[in-house]
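Next comes entry-v2.cif, with mmCIF, C-alpha atoms.
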```
data_run
loop_
_atom_site.label_atom_id
_atom_site.label_comp_id
_atom_site.auth_asym_id
_atom_site.auth_seq_id
_atom_site.Cartn_x
_atom_site.Cartn_y
_atom_site.Cartn_z
CA MET E 1 53.16 -20.60 -43.05
CA ILE E 2 55.52 -17.68 -43.77
CA ALA E 3 54.69 -17.82 -47.47
CA GLU E 4 50.98 -17.81 -46.67
CA ILE E 5 51.38 -14.84 -44.29
CA ARG E 6 53.22 -12.93 -46.99
CA LYS E 7 50.54 -13.78 -49.54
CA GLY E 8 47.82 -12.57 -47.16
CA ALA E 9 49.68 -9.35 -46.43
CA VAL E 10 50.16 -8.54 -50.12
CA ALA E 11 46.52 -9.33 -50.92
CA ASN E 12 45.40 -6.76 -48.34
CA LEU E 13 47.62 -3.92 -49.56
CA PRO E 14 45.06 -2.40 -51.98
CA VAL E 15 42.39 -2.14 -49.30
CA GLY E 16 45.12 -0.92 -46.95
CA ALA E 17 45.27 2.40 -48.79
CA SER E 18 41.77 3.34 -47.69
CA VAL E 19 42.43 1.96 -44.20
CA ALA E 20 45.40 4.33 -43.86
CA ALA E 21 43.39 7.35 -44.99
CA TYR E 22 40.49 6.45 -42.76
CA GLY E 23 42.90 5.87 -39.87
CA SER E 24 44.53 9.26 -40.29
CA VAL E 25 41.10 10.88 -39.83
CA LEU E 26 40.63 8.93 -36.61
CA GLY E 27 44.09 10.06 -35.47
CA MET E 28 43.21 13.72 -36.08
CA LEU E 29 39.93 13.40 -34.18
CA ALA E 30 41.74 11.65 -31.31
CA ALA E 31 44.31 14.44 -31.11
CA GLN E 32 41.51 17.03 -30.91
CA LYS E 33 40.00 15.06 -27.99
CA GLY E 34 43.30 15.08 -26.10
CA ILE E 35 44.01 11.36 -26.49
CA SER E 36 47.77 10.76 -26.41
CA TRP E 37 49.47 8.89 -29.25
CA LEU E 38 50.39 6.12 -26.84
CA GLN E 39 46.78 5.66 -25.72
CA LEU E 40 45.75 5.61 -29.36
CA LEU E 41 48.37 2.99 -30.19
CA VAL E 42 47.24 0.79 -27.30
CA MET E 43 43.67 1.15 -28.53
CA ASN E 44 44.71 0.19 -32.07
CA LEU E 45 46.53 -2.93 -30.93
CA PHE E 46 44.00 -4.18 -28.40
CA VAL E 47 40.65 -3.13 -29.86
CA PHE E 48 41.61 -3.13 -33.57
CA ALA E 49 38.11 -2.34 -34.84
CA GLY E 50 37.75 0.88 -36.82
CA SER E 51 34.10 1.83 -36.46
CA ALA E 52 34.12 1.02 -32.73
CA GLN E 53 37.24 3.13 -32.25
CA PHE E 54 35.60 6.05 -34.05
CA VAL E 55 32.65 5.82 -31.68
CA MET E 56 34.95 5.60 -28.65
CA VAL E 57 36.78 8.73 -29.74
CA ASP E 58 33.48 10.46 -30.40
CA MET E 59 32.31 9.61 -26.85
CA TRP E 60 35.68 10.60 -25.36
CA LEU E 61 34.82 13.38 -22.93
CA PRO E 62 36.12 13.21 -19.33
CA PRO E 63 34.85 11.74 -17.09
CA LEU E 64 34.81 8.87 -19.56
CA PRO E 65 31.45 7.08 -19.75
CA ILE E 66 33.09 3.65 -19.49
CA LEU E 67 29.90 1.57 -19.22
CA GLU E 68 28.16 3.33 -22.12
CA MET E 69 31.31 3.12 -24.19
CA THR E 70 31.79 -0.60 -23.60
CA LEU E 71 28.15 -1.27 -24.36
CA ALA E 72 28.28 0.79 -27.55
CA VAL E 73 31.41 -1.08 -28.68
CA LEU E 74 29.73 -4.38 -27.84
CA VAL E 75 26.72 -3.59 -30.00
CA ILE E 76 28.71 -2.08 -32.88
CA ASN E 77 30.99 -5.10 -32.96
CA MET E 78 28.19 -7.63 -32.61
CA ARG E 79 28.79 -8.49 -36.26
CA TYR E 80 32.08 -10.10 -35.23
CA LEU E 81 30.01 -12.97 -33.87
CA LEU E 82 28.95 -13.69 -37.45
CA ILE E 83 32.40 -12.99 -38.84
CA GLY E 84 33.99 -15.34 -36.31
CA ALA E 85 31.40 -18.00 -37.01
CA SER E 86 31.92 -17.75 -40.77
CA LEU E 87 35.65 -18.49 -40.29
CA GLU E 88 35.02 -21.77 -38.52
CA PRO E 89 35.72 -23.95 -41.61
CA LEU E 90 39.09 -22.23 -42.03
CA PHE E 91 40.09 -23.00 -38.43
CA LYS E 92 38.87 -26.60 -38.46
CA GLY E 93 41.29 -28.91 -36.60
CA LYS E 94 43.52 -26.06 -35.37
CA SER E 95 44.65 -25.84 -31.75
CA TRP E 96 42.84 -23.66 -29.25
CA LEU E 97 45.88 -21.37 -28.99
CA HIS E 98 46.01 -20.99 -32.77
CA LYS E 99 42.35 -19.92 -32.79
CA ALA E 100 42.65 -17.61 -29.79
CA GLY E 101 45.71 -15.87 -31.25
CA ILE E 102 44.77 -15.35 -34.87
CA ILE E 103 41.11 -14.44 -34.33
CA HIS E 104 42.13 -11.17 -32.64
CA LEU E 105 43.59 -9.86 -35.89
CA VAL E 106 40.40 -10.37 -37.88
CA ALA E 107 39.01 -7.07 -39.15
CA ASP E 108 36.30 -6.50 -41.77
CA GLU E 109 38.79 -6.04 -44.60
CA ASN E 110 41.10 -9.03 -44.17
CA TRP E 111 38.04 -11.12 -43.41
CA ALA E 112 36.43 -10.06 -46.70
CA VAL E 113 39.68 -10.62 -48.66
CA THR E 114 40.16 -14.04 -47.02
CA MET E 115 36.57 -15.14 -47.65
CA ALA E 116 36.91 -14.14 -51.31
CA ALA E 117 40.17 -16.10 -51.62
CA HIS E 118 38.58 -19.02 -49.79
CA ARG E 119 35.70 -19.18 -52.24
CA ARG E 120 38.05 -19.07 -55.23
CA ASN E 121 40.53 -21.81 -54.36
CA GLY E 122 40.67 -22.30 -50.63
CA THR E 123 43.00 -20.56 -48.23
CA THR E 124 44.67 -20.86 -44.82
CA THR E 125 44.70 -19.20 -41.43
CA GLY E 126 48.21 -17.98 -42.33
CA PHE E 127 46.71 -15.93 -45.16
CA LEU E 128 44.19 -14.47 -42.73
CA LEU E 129 46.94 -13.66 -40.21
CA GLY E 130 49.11 -12.03 -42.89
CA GLY E 131 46.22 -9.76 -43.82
CA GLY E 132 45.62 -8.94 -40.15
CA LEU E 133 49.26 -8.07 -39.53
CA CYS E 134 49.35 -5.94 -42.68
CA LEU E 135 46.16 -4.03 -41.77
CA CYS E 136 47.11 -3.58 -38.12
CA THR E 137 50.44 -2.04 -39.17
CA ILE E 138 48.79 0.25 -41.72
CA TRP E 139 45.98 1.17 -39.34
CA SER E 140 48.40 2.09 -36.55
CA THR E 141 50.70 4.03 -38.87
CA GLY E 142 47.76 5.92 -40.38
CA THR E 143 46.22 6.84 -37.04
CA LEU E 144 49.55 7.95 -35.56
CA LEU E 145 50.37 10.09 -38.61
CA GLY E 146 46.92 11.66 -38.37
CA HIS E 147 47.41 12.19 -34.65
CA ARG E 148 50.71 14.03 -35.13
CA LEU E 149 49.33 16.14 -37.98
CA GLY E 150 46.05 16.72 -36.14
CA ALA E 151 47.90 18.20 -33.19
CA LEU E 152 49.20 20.90 -35.55
CA VAL E 153 45.70 21.90 -36.68
CA THR E 154 44.64 24.77 -34.45
CA HIS E 155 41.21 25.42 -35.95
CA PRO E 156 39.80 21.95 -36.74
CA GLU E 157 36.36 23.35 -37.56
CA ARG E 158 37.82 25.41 -40.40
CA PHE E 159 38.67 22.15 -42.19
CA ALA E 160 35.34 20.60 -41.16
CA LEU E 161 37.20 18.02 -39.06
CA ASP E 162 34.31 18.04 -36.61
CA PHE E 163 32.14 16.78 -39.48
CA ALA E 164 34.53 13.93 -40.37
CA PHE E 165 32.82 11.50 -38.00
CA VAL E 166 29.35 12.09 -39.47
CA ALA E 167 30.76 11.98 -43.01
CA VAL E 168 32.59 8.68 -42.54
CA PHE E 169 29.57 7.03 -40.98
CA THR E 170 27.14 8.43 -43.53
CA ALA E 171 29.23 6.86 -46.28
CA LEU E 172 29.50 3.57 -44.39
CA THR E 173 25.76 3.52 -43.75
CA VAL E 174 25.02 3.89 -47.45
CA SER E 175 27.28 0.90 -48.15
CA MET E 176 25.15 -1.16 -45.74
CA TRP E 177 21.93 -0.69 -47.73
CA ARG E 178 20.56 -4.11 -48.71
CA GLY E 179 17.53 -2.91 -50.68
CA LYS E 180 13.84 -2.40 -49.94
CA ARG E 181 13.81 -4.82 -47.03
CA ASP E 182 15.91 -2.29 -45.11
CA ILE E 183 13.27 0.45 -45.26
CA ALA E 184 11.31 -0.66 -42.16
CA PRO E 185 14.33 -1.38 -39.91
CA TRP E 186 16.12 1.81 -41.01
CA VAL E 187 13.13 4.09 -40.49
CA THR E 188 12.58 2.50 -37.06
CA ALA E 189 16.24 2.92 -36.14
CA ALA E 190 16.35 6.56 -37.24
CA ILE E 191 13.16 7.53 -35.36
CA LEU E 192 14.25 5.68 -32.22
CA ALA E 193 17.73 7.19 -32.31
CA VAL E 194 16.48 10.76 -32.74
CA ALA E 195 13.82 10.33 -30.03
CA VAL E 196 16.14 8.64 -27.52
CA GLU E 197 18.89 11.19 -28.14
CA HIS E 198 16.35 13.88 -27.28
CA TRP E 199 14.93 12.24 -24.14
CA LEU E 200 17.82 10.26 -22.63
CA PRO E 201 21.27 11.57 -21.69
CA GLY E 202 24.46 10.08 -23.10
CA LYS E 203 24.86 7.82 -26.08
CA TRP E 204 22.15 5.27 -25.38
CA TYR E 205 20.51 6.21 -28.69
CA ILE E 206 23.17 4.21 -30.56
CA VAL E 207 22.35 1.02 -28.71
CA ILE E 208 18.58 1.49 -28.57
CA GLY E 209 18.21 2.68 -32.17
CA GLY E 210 20.45 -0.08 -33.54
CA ILE E 211 18.83 -2.93 -31.62
CA GLY E 212 15.30 -1.57 -32.07
CA GLY E 213 15.73 -1.28 -35.83
CA ALA E 214 17.30 -4.72 -36.21
CA LEU E 215 14.47 -6.28 -34.18
CA VAL E 216 11.98 -5.33 -36.91
CA PRO E 217 13.08 -7.96 -39.48
CA ALA E 218 13.71 -10.43 -36.65
CA LEU E 219 10.11 -10.09 -35.44
CA GLN E 220 8.79 -10.22 -39.00
CA SER E 221 10.73 -13.43 -39.57
CA SER E 222 9.47 -14.96 -36.32
CA LEU E 223 5.88 -14.11 -37.19
CA ASN E 224 6.22 -15.62 -40.67
CA LYS E 225 8.02 -18.70 -39.41
CA PRO E 226 5.18 -21.25 -39.49
CA ARG E 227 4.46 -20.50 -43.14
CA ARG E 228 7.88 -19.88 -44.64
CA PRO E 229 11.09 -21.16 -43.05
CA ALA E 230 13.99 -18.90 -44.03
CA PRO E 231 16.68 -20.72 -46.01
CA ALA E 232 20.13 -20.64 -44.45
CA SER E 233 22.67 -18.83 -46.56
CA ASP E 234 26.06 -17.70 -45.40
CA SER E 235 26.81 -15.81 -48.57
CA SER E 236 24.17 -13.17 -47.86
CA VAL E 237 25.86 -12.45 -44.53
CA ALA E 238 29.14 -12.11 -46.34
CA GLU E 239 27.66 -9.71 -48.89
CA ALA E 240 25.97 -7.64 -46.20
CA LEU E 241 29.24 -7.23 -44.34
CA MET E 242 31.60 -7.05 -47.30
CA GLU E 243 31.39 -3.28 -47.70
CA GLU E 244 32.14 -2.45 -44.08
CA ASN E 245 35.38 -0.80 -43.07
CA PRO E 246 37.66 -1.93 -40.24
CA MET R 1 52.46 10.12 -17.33
CA ASN R 2 51.31 8.85 -13.96
CA ILE R 3 49.74 5.44 -14.47
CA LEU R 4 47.88 5.60 -11.16
CA SER R 5 46.10 8.90 -11.69
CA PRO R 6 42.31 8.58 -11.92
CA THR R 7 42.19 9.92 -15.48
CA ASP R 8 44.69 7.36 -16.72
CA LEU R 9 42.90 4.64 -14.84
CA SER R 10 39.61 5.51 -16.52
CA VAL R 11 41.39 5.60 -19.90
CA ALA R 12 42.83 2.15 -19.23
CA MET R 13 39.43 0.83 -18.18
CA ALA R 14 37.70 2.31 -21.23
CA ILE R 15 40.22 0.71 -23.59
CA ALA R 16 40.26 -2.58 -21.68
CA GLY R 17 36.45 -2.75 -21.73
CA ALA R 18 36.31 -2.15 -25.48
CA ALA R 19 39.15 -4.59 -26.13
CA LEU R 20 37.60 -7.34 -24.02
CA ALA R 21 34.13 -6.88 -25.55
CA THR R 22 35.53 -7.01 -29.09
CA TYR R 23 37.79 -10.00 -28.45
CA CYS R 24 35.00 -11.98 -26.79
CA LEU R 25 32.78 -11.42 -29.83
CA ARG R 26 35.51 -12.47 -32.26
CA LEU R 27 36.49 -15.62 -30.39
CA GLY R 28 32.91 -16.31 -29.30
CA GLY R 29 31.72 -16.37 -32.90
CA LEU R 30 34.46 -18.81 -33.89
CA LEU R 31 33.94 -21.16 -30.93
CA LEU R 32 30.15 -21.00 -30.96
CA ALA R 33 29.86 -21.27 -34.74
CA GLU R 34 27.94 -24.53 -34.60
CA HIS R 35 25.58 -23.28 -31.93
CA LEU R 36 24.60 -19.95 -33.46
CA PRO R 37 21.22 -20.17 -35.21
CA ARG R 38 21.68 -20.18 -38.99
CA ASN R 39 18.22 -18.89 -39.79
CA GLY R 40 15.12 -17.32 -38.29
CA GLY R 41 14.88 -14.25 -36.10
CA PHE R 42 18.42 -14.24 -34.73
CA LYS R 43 19.99 -14.36 -38.17
CA GLN R 44 17.70 -11.60 -39.44
CA PHE R 45 18.59 -9.50 -36.41
CA MET R 46 22.34 -9.96 -36.83
CA GLU R 47 22.21 -9.23 -40.55
CA ALA R 48 20.21 -6.04 -40.10
CA LEU R 49 22.29 -4.81 -37.17
CA PRO R 50 25.33 -3.27 -38.93
CA GLY R 51 23.09 -0.95 -40.99
CA THR R 52 20.74 0.08 -38.18
CA ILE R 53 23.65 0.71 -35.80
CA LEU R 54 25.44 2.98 -38.24
CA LEU R 55 22.22 4.83 -39.03
CA SER R 56 21.47 5.32 -35.32
CA LEU R 57 24.95 6.74 -34.87
CA ILE R 58 24.44 9.53 -37.37
CA ALA R 59 20.68 10.18 -37.42
CA PRO R 60 20.49 12.52 -34.39
CA GLY R 61 23.59 14.42 -35.50
CA ILE R 62 22.20 15.07 -38.97
CA PHE R 63 18.73 15.81 -37.59
CA SER R 64 20.02 18.47 -35.21
CA ALA R 65 22.63 19.90 -37.60
CA GLY R 66 21.49 22.92 -39.53
CA PHE R 67 20.86 23.25 -43.23
CA LEU R 68 24.56 22.96 -44.03
CA GLY R 69 24.85 19.67 -42.12
CA GLY R 70 21.88 18.24 -44.00
CA VAL R 71 23.24 19.26 -47.41
CA ALA R 72 26.67 17.87 -46.51
CA ALA R 73 25.19 14.56 -45.33
CA LEU R 74 23.16 14.23 -48.54
CA THR R 75 26.26 15.00 -50.60
CA THR R 76 28.23 12.37 -48.71
CA ALA R 77 25.46 9.78 -49.12
CA ALA R 78 25.04 10.50 -52.85
CA CYS R 79 28.78 10.33 -53.43
CA ALA R 80 29.07 7.07 -51.47
CA TRP R 81 26.17 5.59 -53.42
CA LYS R 82 27.61 6.56 -56.82
CA THR R 83 31.29 5.85 -56.28
CA LYS R 84 31.20 3.14 -53.57
CA ASN R 85 34.26 4.96 -52.21
CA VAL R 86 34.02 5.84 -48.52
CA LEU R 87 37.07 8.06 -48.55
CA LEU R 88 35.95 10.12 -51.54
CA ALA R 89 32.47 10.51 -50.04
CA MET R 90 33.93 11.66 -46.74
CA VAL R 91 36.11 14.27 -48.45
CA ALA R 92 33.11 15.51 -50.47
CA GLY R 93 30.96 15.94 -47.35
CA MET R 94 33.71 17.68 -45.42
CA GLY R 95 34.35 19.87 -48.44
CA VAL R 96 30.73 21.07 -48.42
CA VAL R 97 30.92 21.95 -44.71
CA ALA R 98 34.32 23.65 -45.04
CA ALA R 99 33.18 25.63 -48.09
CA GLY R 100 29.90 26.60 -46.39
CA ARG R 101 31.73 27.92 -43.35
CA TRP R 102 34.28 29.75 -45.47
CA LEU R 103 31.49 31.54 -47.35
CA ALA R 104 29.47 32.33 -44.23
#
```

Transcribe the structure of this file into structure tokens.
Amino acid sequence: MIAEIRKGAVANLPVGASVAAYGSVLGMLAAQKGISWLQLLVMNLFVFAGSAQFVMVDMWLPPLPILEMTLAVLVINMRYLLIGASLEPLFKGKSWLHKAGIIHLVADENWAVTMAAHRRNGTTTGFLLGGGLCLCTIWSTGTLLGHRLGALVTHPERFALDFAFVAVFTALTVSMWRGKRDIAPWVTAAILAVAVEHWLPGKWYIVIGGIGGALVPALQSSLNKPRRPAPASDSSVAEALMEENP
Amino acid sequence: MNILSPTDLSVAMAIAGAALATYCLRLGGLLLAEHLPRNGGFKQFMEALPGTILLSLIAPGIFSAGFLGGVAALTTAACAWKTKNVLLAMVAGMGVVAAGRWLA
């Protein structure tokens, strides 16, 4: 087990470099929002999901919109249902406690690294856990460093720190592009998001735009069902999610 | 820090809500693996969701940002597309905004 954990940790070091950099940006943004380093650390350890944490920090304006925030995190992290499901073969025959413990430390990166290793020559839950421990340490260190440095920056807008959120997510969005079949859902999502942001208060546009856009291919598939049953393929899910950050 | 103050309570609830939601999805996926539909509408929905969510996050911000925001977002997107490097793309976009403000 220990050897496997070490192997998993080492395998995740390369991707860890970008996790650290990305984390330090989150730390700076959190400092600007008045989130303490301790609160940030608790968030890192218990939520441990990068894009959701970015959105939480973005929405962080007292009084905290707890319901909206939780809902936004729920929708953003919906992909973990698929990620969790894809790991089922790896966890086959393991105890309930083993599953409940290790699954918490599954992020996009160590999942992707583990799935790649699994396809090559099989791997273990220890490898997955090693990657999770490695990334969680790097993520926390990166965010806390950014938080301490961010507190020193008195004019964040001069360094375009207020644009960091949009920049990170623009880059991540591009990495999600799956080709022409994304045109209809993406256009729908963008129009819905812009319209809802204009007409409804708060951050409901994230949830409504995201779900509305994703419903387009779902409805198309349901309408086409009698003629053409979609073949099941897990690899396409893996590819679609592979580029995502923690 | 006073743990019982209303601000800290709301912070704790916000983090607890996010943590619980995320953990339930992770464990739920693993435990329900055999029961989740492997094809059809649900699968299409789940596969399209990461992209549409991220786009919904940024679309209003870019739409309402001025000319500089639009140029910076395009720069970020182009850089991400060419280099596949999120970090580099982020730095490029922020660089455009910082430079634009410095010149203005």

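Each of E:Gly122, E:Met28, E:Ala9, E:Ala3 was checked against Arg148 of chain E using only C-alpha atoms; the smallest atom-to-atom distance is that of E:Met28.
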
Expected selection from the PyMOL selection byres ((chain E and resi 37-54) around 9), given as a ChimeraX atom specification
/E:19,22-23,26-27,29-31,35-36,55-59,72-74,76-77,104-108,136,139-140,143-144,147-148,165,169,244-246 /R:11-12,15-16,18-23,54

Keeping only C-alpha atoms, write the selected residues to a file as a PDB file, keeping the file's coordinate frame.
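That gives us out.pdb:
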```pdb
ATOM      1  CA  VAL E  19      42.430   1.960 -44.200  1.00  0.00           C
ATOM      2  CA  TYR E  22      40.490   6.450 -42.760  1.00  0.00           C
ATOM      3  CA  GLY E  23      42.900   5.870 -39.870  1.00  0.00           C
ATOM      4  CA  LEU E  26      40.630   8.930 -36.610  1.00  0.00           C
ATOM      5  CA  GLY E  27      44.090  10.060 -35.470  1.00  0.00           C
ATOM      6  CA  LEU E  29      39.930  13.400 -34.180  1.00  0.00           C
ATOM      7  CA  ALA E  30      41.740  11.650 -31.310  1.00  0.00           C
ATOM      8  CA  ALA E  31      44.310  14.440 -31.110  1.00  0.00           C
ATOM      9  CA  ILE E  35      44.010  11.360 -26.490  1.00  0.00           C
ATOM     10  CA  SER E  36      47.770  10.760 -26.410  1.00  0.00           C
ATOM     11  CA  VAL E  55      32.650   5.820 -31.680  1.00  0.00           C
ATOM     12  CA  MET E  56      34.950   5.600 -28.650  1.00  0.00           C
ATOM     13  CA  VAL E  57      36.780   8.730 -29.740  1.00  0.00           C
ATOM     14  CA  ASP E  58      33.480  10.460 -30.400  1.00  0.00           C
ATOM     15  CA  MET E  59      32.310   9.610 -26.850  1.00  0.00           C
ATOM     16  CA  ALA E  72      28.280   0.790 -27.550  1.00  0.00           C
ATOM     17  CA  VAL E  73      31.410  -1.080 -28.680  1.00  0.00           C
ATOM     18  CA  LEU E  74      29.730  -4.380 -27.840  1.00  0.00           C
ATOM     19  CA  ILE E  76      28.710  -2.080 -32.880  1.00  0.00           C
ATOM     20  CA  ASN E  77      30.990  -5.100 -32.960  1.00  0.00           C
ATOM     21  CA  HIS E 104      42.130 -11.170 -32.640  1.00  0.00           C
ATOM     22  CA  LEU E 105      43.590  -9.860 -35.890  1.00  0.00           C
ATOM     23  CA  VAL E 106      40.400 -10.370 -37.880  1.00  0.00           C
ATOM     24  CA  ALA E 107      39.010  -7.070 -39.150  1.00  0.00           C
ATOM     25  CA  ASP E 108      36.300  -6.500 -41.770  1.00  0.00           C
ATOM     26  CA  CYS E 136      47.110  -3.580 -38.120  1.00  0.00           C
ATOM     27  CA  TRP E 139      45.980   1.170 -39.340  1.00  0.00           C
ATOM     28  CA  SER E 140      48.400   2.090 -36.550  1.00  0.00           C
ATOM     29  CA  THR E 143      46.220   6.840 -37.040  1.00  0.00           C
ATOM     30  CA  LEU E 144      49.550   7.950 -35.560  1.00  0.00           C
ATOM     31  CA  HIS E 147      47.410  12.190 -34.650  1.00  0.00           C
ATOM     32  CA  ARG E 148      50.710  14.030 -35.130  1.00  0.00           C
ATOM     33  CA  PHE E 165      32.820  11.500 -38.000  1.00  0.00           C
ATOM     34  CA  PHE E 169      29.570   7.030 -40.980  1.00  0.00           C
ATOM     35  CA  GLU E 244      32.140  -2.450 -44.080  1.00  0.00           C
ATOM     36  CA  ASN E 245      35.380  -0.800 -43.070  1.00  0.00           C
ATOM     37  CA  PRO E 246      37.660  -1.930 -40.240  1.00  0.00           C
TER      38      PRO E 246
ATOM     39  CA  VAL R  11      41.390   5.600 -19.900  1.00  0.00           C
ATOM     40  CA  ALA R  12      42.830   2.150 -19.230  1.00  0.00           C
ATOM     41  CA  ILE R  15      40.220   0.710 -23.590  1.00  0.00           C
ATOM     42  CA  ALA R  16      40.260  -2.580 -21.680  1.00  0.00           C
ATOM     43  CA  ALA R  18      36.310  -2.150 -25.480  1.00  0.00           C
ATOM     44  CA  ALA R  19      39.150  -4.590 -26.130  1.00  0.00           C
ATOM     45  CA  LEU R  20      37.600  -7.340 -24.020  1.00  0.00           C
ATOM     46  CA  ALA R  21      34.130  -6.880 -25.550  1.00  0.00           C
ATOM     47  CA  THR R  22      35.530  -7.010 -29.090  1.00  0.00           C
ATOM     48  CA  TYR R  23      37.790 -10.000 -28.450  1.00  0.00           C
ATOM     49  CA  LEU R  54      25.440   2.980 -38.240  1.00  0.00           C
TER      50      LEU R  54
END
```

Determine, using all atoms listed in the file, which residues of chain R have any atom at most 7 Å from an atom of chain E, and tabulate each with its shortest atom pair and distance in Å to one decimal place, rows ordered by chain and then rising number, as JSON lines.
```
{"residue": "R:Ser10", "atom": "CA", "partner": "E:Leu64", "partner_atom": "CA", "distance": 6.6}
{"residue": "R:Ala14", "atom": "CA", "partner": "E:Ile66", "partner_atom": "CA", "distance": 5.1}
{"residue": "R:Ile15", "atom": "CA", "partner": "E:Met43", "partner_atom": "CA", "distance": 6.0}
{"residue": "R:Gly17", "atom": "CA", "partner": "E:Thr70", "partner_atom": "CA", "distance": 5.5}
{"residue": "R:Ala18", "atom": "CA", "partner": "E:Thr70", "partner_atom": "CA", "distance": 5.1}
{"residue": "R:Ala19", "atom": "CA", "partner": "E:Val47", "partner_atom": "CA", "distance": 4.3}
{"residue": "R:Ala21", "atom": "CA", "partner": "E:Leu74", "partner_atom": "CA", "distance": 5.6}
{"residue": "R:Thr22", "atom": "CA", "partner": "E:Asn77", "partner_atom": "CA", "distance": 6.3}
{"residue": "R:Tyr23", "atom": "CA", "partner": "E:His104", "partner_atom": "CA", "distance": 6.1}
{"residue": "R:Leu25", "atom": "CA", "partner": "E:Leu81", "partner_atom": "CA", "distance": 5.1}
{"residue": "R:Arg26", "atom": "CA", "partner": "E:Tyr80", "partner_atom": "CA", "distance": 5.1}
{"residue": "R:Leu27", "atom": "CA", "partner": "E:Ile103", "partner_atom": "CA", "distance": 6.2}
{"residue": "R:Gly28", "atom": "CA", "partner": "E:Leu81", "partner_atom": "CA", "distance": 6.4}
{"residue": "R:Gly29", "atom": "CA", "partner": "E:Leu81", "partner_atom": "CA", "distance": 3.9}
{"residue": "R:Leu30", "atom": "CA", "partner": "E:Gly84", "partner_atom": "CA", "distance": 4.3}
{"residue": "R:Leu32", "atom": "CA", "partner": "E:Ala85", "partner_atom": "CA", "distance": 6.9}
{"residue": "R:Ala33", "atom": "CA", "partner": "E:Ala85", "partner_atom": "CA", "distance": 4.3}
{"residue": "R:Arg38", "atom": "CA", "partner": "E:Ala232", "partner_atom": "CA", "distance": 5.7}
{"residue": "R:Asn39", "atom": "CA", "partner": "E:Ala232", "partner_atom": "CA", "distance": 5.3}
{"residue": "R:Gly40", "atom": "CA", "partner": "E:Ser221", "partner_atom": "CA", "distance": 6.0}
{"residue": "R:Gly41", "atom": "CA", "partner": "E:Ala218", "partner_atom": "CA", "distance": 4.0}
{"residue": "R:Phe42", "atom": "CA", "partner": "E:Ala218", "partner_atom": "CA", "distance": 6.4}
{"residue": "R:Gln44", "atom": "CA", "partner": "E:Ala218", "partner_atom": "CA", "distance": 5.0}
{"residue": "R:Phe45", "atom": "CA", "partner": "E:Ala214", "partner_atom": "CA", "distance": 5.0}
{"residue": "R:Met46", "atom": "CA", "partner": "E:Arg79", "partner_atom": "CA", "distance": 6.6}
{"residue": "R:Glu47", "atom": "CA", "partner": "E:Val237", "partner_atom": "CA", "distance": 6.3}
{"residue": "R:Ala48", "atom": "CA", "partner": "E:Ala214", "partner_atom": "CA", "distance": 5.0}
{"residue": "R:Leu49", "atom": "CA", "partner": "E:Ala214", "partner_atom": "CA", "distance": 5.1}
{"residue": "R:Pro50", "atom": "CA", "partner": "E:Arg79", "partner_atom": "CA", "distance": 6.8}
{"residue": "R:Gly51", "atom": "CA", "partner": "E:Met176", "partner_atom": "CA", "distance": 5.2}
{"residue": "R:Thr52", "atom": "CA", "partner": "E:Gly210", "partner_atom": "CA", "distance": 4.7}
{"residue": "R:Ile53", "atom": "CA", "partner": "E:Gly210", "partner_atom": "CA", "distance": 4.0}
{"residue": "R:Leu54", "atom": "CA", "partner": "E:Thr173", "partner_atom": "CA", "distance": 5.5}
{"residue": "R:Leu55", "atom": "CA", "partner": "E:Thr173", "partner_atom": "CA", "distance": 6.0}
{"residue": "R:Ser56", "atom": "CA", "partner": "E:Ala193", "partner_atom": "CA", "distance": 5.2}
{"residue": "R:Leu57", "atom": "CA", "partner": "E:Ile206", "partner_atom": "CA", "distance": 5.3}
{"residue": "R:Ile58", "atom": "CA", "partner": "E:Val166", "partner_atom": "CA", "distance": 5.9}
{"residue": "R:Ala59", "atom": "CA", "partner": "E:Ala190", "partner_atom": "CA", "distance": 5.6}
{"residue": "R:Pro60", "atom": "CA", "partner": "E:Val194", "partner_atom": "CA", "distance": 4.7}
{"residue": "R:Ala73", "atom": "CA", "partner": "E:Ala167", "partner_atom": "CA", "distance": 6.6}
{"residue": "R:Thr76", "atom": "CA", "partner": "E:Ala171", "partner_atom": "CA", "distance": 6.1}
{"residue": "R:Ala77", "atom": "CA", "partner": "E:Ala171", "partner_atom": "CA", "distance": 5.6}
{"residue": "R:Ala80", "atom": "CA", "partner": "E:Ala171", "partner_atom": "CA", "distance": 5.2}
{"residue": "R:Trp81", "atom": "CA", "partner": "E:Val174", "partner_atom": "CA", "distance": 6.3}
{"residue": "R:Val86", "atom": "CA", "partner": "E:Ala171", "partner_atom": "CA", "distance": 5.4}
{"residue": "R:Leu87", "atom": "CA", "partner": "E:Ser18", "partner_atom": "CA", "distance": 6.7}
{"residue": "R:Ala89", "atom": "CA", "partner": "E:Ala171", "partner_atom": "CA", "distance": 6.2}
{"residue": "R:Met90", "atom": "CA", "partner": "E:Ala167", "partner_atom": "CA", "distance": 4.9}
{"residue": "R:Gly93", "atom": "CA", "partner": "E:Ala167", "partner_atom": "CA", "distance": 5.9}
{"residue": "R:Met94", "atom": "CA", "partner": "E:Ala160", "partner_atom": "CA", "distance": 5.4}
{"residue": "R:Val97", "atom": "CA", "partner": "E:Ala160", "partner_atom": "CA", "distance": 5.8}
{"residue": "R:Ala98", "atom": "CA", "partner": "E:Ala160", "partner_atom": "CA", "distance": 5.0}
```

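For the pair atom CA of Arg101 of chain R and atom CA of Ala65 of chain R, the separation is 13.4 Å.
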
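Minimum distance to Ala116 of chain E across E:Leu128, E:Ser95, E:Gly179, E:Ile2 (counting all atoms listed in the file) occurs at E:Leu128.
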
- [ ] To one decimal in Å, tell me the separation between atom CA of Gly16 of chain E and atom CA of Ala72 of chain R.
- [x]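 Taking atom CA of Gly16 of chain E and atom CA of Ala72 of chain R, their separation equals 26.3 Å.
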